[in-house]
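protein-v6.csv (CSV, C-alpha atoms and all ligand atoms) appears below.
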chain,number,residue,atom,x,y,z
A,57,MET,CA,-10.0,-2.5,4.7
A,58,ALA,CA,-9.1,1.0,5.8
A,59,LYS,CA,-8.5,1.3,9.5
A,60,GLU,CA,-11.1,3.3,11.4
A,61,TYR,CA,-8.7,6.1,12.3
A,62,ALA,CA,-7.7,6.6,8.7
A,63,LYS,CA,-11.3,6.9,7.3
A,64,ASP,CA,-11.4,10.7,7.3
A,65,PHE,CA,-8.0,10.7,5.6
A,66,TYR,CA,-9.0,8.3,2.9
A,67,ASN,CA,-12.2,10.3,2.3
A,68,SER,CA,-10.3,13.7,2.2
A,69,GLN,CA,-10.0,15.7,-1.0
A,70,ALA,CA,-6.3,16.0,-0.5
A,71,TRP,CA,-5.9,12.2,-0.6
A,72,LYS,CA,-8.3,11.7,-3.5
A,73,LYS,CA,-6.4,14.3,-5.5
A,74,THR,CA,-3.0,12.9,-4.6
A,75,ARG,CA,-4.1,9.3,-5.4
A,76,LYS,CA,-5.5,10.3,-8.8
A,77,ALA,CA,-2.3,12.3,-9.7
A,78,TYR,CA,-0.1,9.4,-8.6
A,79,TYR,CA,-2.1,6.9,-10.6
A,80,ILE,CA,-1.7,9.1,-13.8
A,81,PHE,CA,2.0,9.6,-12.9
A,82,ARG,CA,2.5,5.8,-12.9
A,83,ARG,CA,0.3,5.4,-16.0
A,84,GLY,CA,-2.1,3.2,-14.2
A,85,GLN,CA,0.4,0.3,-14.0
A,86,CYS,CA,1.2,-1.8,-11.0
A,87,GLU,CA,4.8,-0.8,-10.1
A,88,ARG,CA,5.8,-4.3,-9.0
A,89,CYS,CA,4.4,-6.0,-12.0
A,90,ALA,CA,6.3,-3.5,-14.1
A,91,LYS,CA,9.5,-4.2,-12.1
A,92,GLU,CA,9.1,-8.0,-12.6
A,93,PHE,CA,8.6,-7.4,-16.3
A,94,ALA,CA,11.8,-5.3,-16.4
A,95,ALA,CA,13.6,-8.2,-14.6
A,96,GLY,CA,12.3,-10.7,-17.1
A,97,LYS,CA,10.1,-12.4,-14.6
A,98,ARG,CA,6.8,-11.4,-16.0
A,99,ARG,CA,5.3,-11.2,-19.5
A,100,LEU,CA,4.2,-7.8,-20.8
A,101,GLU,CA,0.6,-9.0,-21.1
A,102,ASP,CA,0.7,-10.0,-17.4
A,103,ILE,CA,1.4,-6.5,-16.1
A,104,HIS,CA,-1.7,-5.7,-14.0
A,105,ALA,CA,-3.5,-2.5,-13.8
A,106,GLY,CA,-2.8,-0.6,-10.6
A,107,ALA,CA,-5.7,-1.0,-8.1
A,108,ILE,CA,-4.5,0.6,-4.9
A,109,VAL,CA,-2.2,3.4,-4.1
A,110,HIS,CA,-0.2,2.0,-1.2
A,111,HIS,CA,1.8,3.8,1.5
A,112,LYS,CA,5.3,2.4,1.7
A,113,GLU,CA,5.5,3.7,5.3
A,114,TYR,CA,2.1,2.6,6.5
A,115,ILE,CA,-0.4,5.2,7.7
A,116,THR,CA,-0.7,5.4,11.5
A,117,PRO,CA,-2.6,7.8,13.8
A,118,GLU,CA,0.8,9.5,14.4
A,119,ASN,CA,1.7,10.2,10.7
A,120,LEU,CA,-1.7,10.7,9.3
A,121,ASN,CA,-1.5,14.5,9.3
A,122,ASP,CA,2.1,14.6,8.1
A,123,PRO,CA,1.9,15.4,4.3
A,124,THR,CA,5.5,14.2,3.8
A,125,ILE,CA,4.3,10.7,4.7
A,126,ALA,CA,0.6,10.6,3.9
A,127,LEU,CA,0.6,12.7,0.6
A,128,SER,CA,4.1,12.4,-0.7
A,129,PHE,CA,4.8,10.6,-4.0
A,130,ASP,CA,8.0,9.3,-2.4
A,131,ASN,CA,5.9,7.3,0.0
A,132,LEU,CA,3.4,6.0,-2.5
A,133,GLU,CA,3.4,2.9,-4.6
A,134,LEU,CA,0.7,1.9,-7.2
A,135,LEU,CA,0.0,-1.8,-6.8
A,136,CYS,CA,-2.4,-4.4,-8.3
A,137,ASP,CA,-4.6,-6.3,-5.8
A,138,GLU,CA,-2.2,-9.3,-6.0
A,139,HIS,CA,0.9,-7.3,-5.0
A,140,HIS,CA,-1.0,-5.3,-2.5
A,141,ASN,CA,-2.2,-8.4,-0.7
A,142,GLN,CA,1.3,-9.8,-0.8
A,143,GLU,CA,2.8,-6.7,0.7
A,144,HIS,CA,0.4,-6.7,3.6
A,145,LYS,CA,0.6,-10.4,4.2
A,146,SER,CA,4.4,-10.3,4.4
A,147,LYS,CA,4.5,-7.4,6.8
A,148,THR,CA,1.5,-8.2,9.0
A,149,LYS,CA,2.8,-10.0,12.1
A,150,ARG,CA,0.7,-12.7,13.6
A,151,TYR,CA,0.2,-12.8,17.3
A,152,SER,CA,-1.1,-15.4,19.6
A,153,PHE,CA,-1.2,-15.9,23.4
A,154,ASP,CA,0.6,-18.3,25.6
A,155,ALA,CA,-1.0,-20.2,28.5
A,156,ASN,CA,-0.5,-17.2,30.7
A,157,GLY,CA,-2.2,-14.8,28.4
A,158,ARG,CA,1.1,-13.2,27.3
A,159,VAL,CA,1.4,-12.1,23.6
A,160,ILE,CA,3.7,-14.3,21.6
A,161,GLU,CA,4.7,-13.6,18.0
A,162,ALA,CA,3.9,-16.5,15.7
B,201,ZN,ZN,1.3,-6.2,-9.5
B,202,ZN,ZN,-1.2,-0.9,1.4

As structure tokens, what does this structure read like?
Ligand SMILES: [Zn+2]
Ligand SMILES: [Zn+2]
Amino acid sequence: MAKEYAKDFYNSQAWKKTRKAYYIFRRGQCERCAKEFAAGKRRLEDIHAGAIVHHKEYITPENLNDPTIALSFDNLELLCDEHHNQEHKSKTKRYSFDANGRVIEA
């Protein structure tokens, strides 16, 4: 789910317009499914519809108001749920704590 700090951004007209324009620009197709199809790894009928317009460089409180990150087609990617989940799972680091309460990366 959207992070708290990004709520206003995701609700903004600027984002909604950009997201819609990008969806049309990509013809509503998941870009990674289409790439896999082009590489011969996926059948045409298995190309999923795009579900989420993802930011390649993730939105943070620092870049939220920077249109070259937050609203630029160059930083967007239309993904299906499956590929979007994959993307965030692979990039999300897991942390835990050692016996002394220090953060360790799992
Ligand atoms: Zn996909
Ligand atoms: Zn994402």

Among listed residues A:Ala126, A:Ala105, A:Ala70, A:Ala155, nearest ligand ZN 201 (chain B) (using only C-alpha atoms and all ligand atoms): A:Ala105

Nearest to Ile80 (chain A), chosen from A:Gly157, A:Phe129, A:Glu138, A:Asp102, with only C-alpha atoms counted in the distances: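 Checking each of A:Gly157, A:Phe129, A:Glu138, A:Asp102 against Ile80 (chain A), counting only C-alpha atoms, the winner is A:Phe129.
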
Shell of 9 Å around Lys112 (chain A), only C-alpha atoms, local chain residues under 4 positions omitted, as a list of chain:residue names: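 Close residues of Lys112 (chain A): A:Ile125, A:Asp130, A:Asn131, A:Leu132, A:Glu133.
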
Shell of 10 Å around ligand ZN 201 (chain B) (only C-alpha atoms and all ligand atoms), written as JSON, numbers by chain: {"A": [85, 86, 87, 88, 89, 90, 91, 92, 98, 102, 103, 104, 105, 106, 107, 134, 135, 136, 137, 138, 139, 140, 141, 142]}

Which of A:Asp64, A:Glu101, A:Glu118, A:Glu143 sits closest to ligand ZN 202 (chain B) [using all atoms listed in the file]: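 Checking each of A:Asp64, A:Glu101, A:Glu118, A:Glu143 against ligand ZN 202 (chain B), counting all atoms listed in the file, the winner is A:Glu143.
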
Å distance separating CA of Arg158 (chain A) from CA of Tyr61 (chain A), one decimal place: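 Spanning CA of Arg158 (chain A) to CA of Tyr61 (chain A) is a straight-line distance of 26.3 Å.
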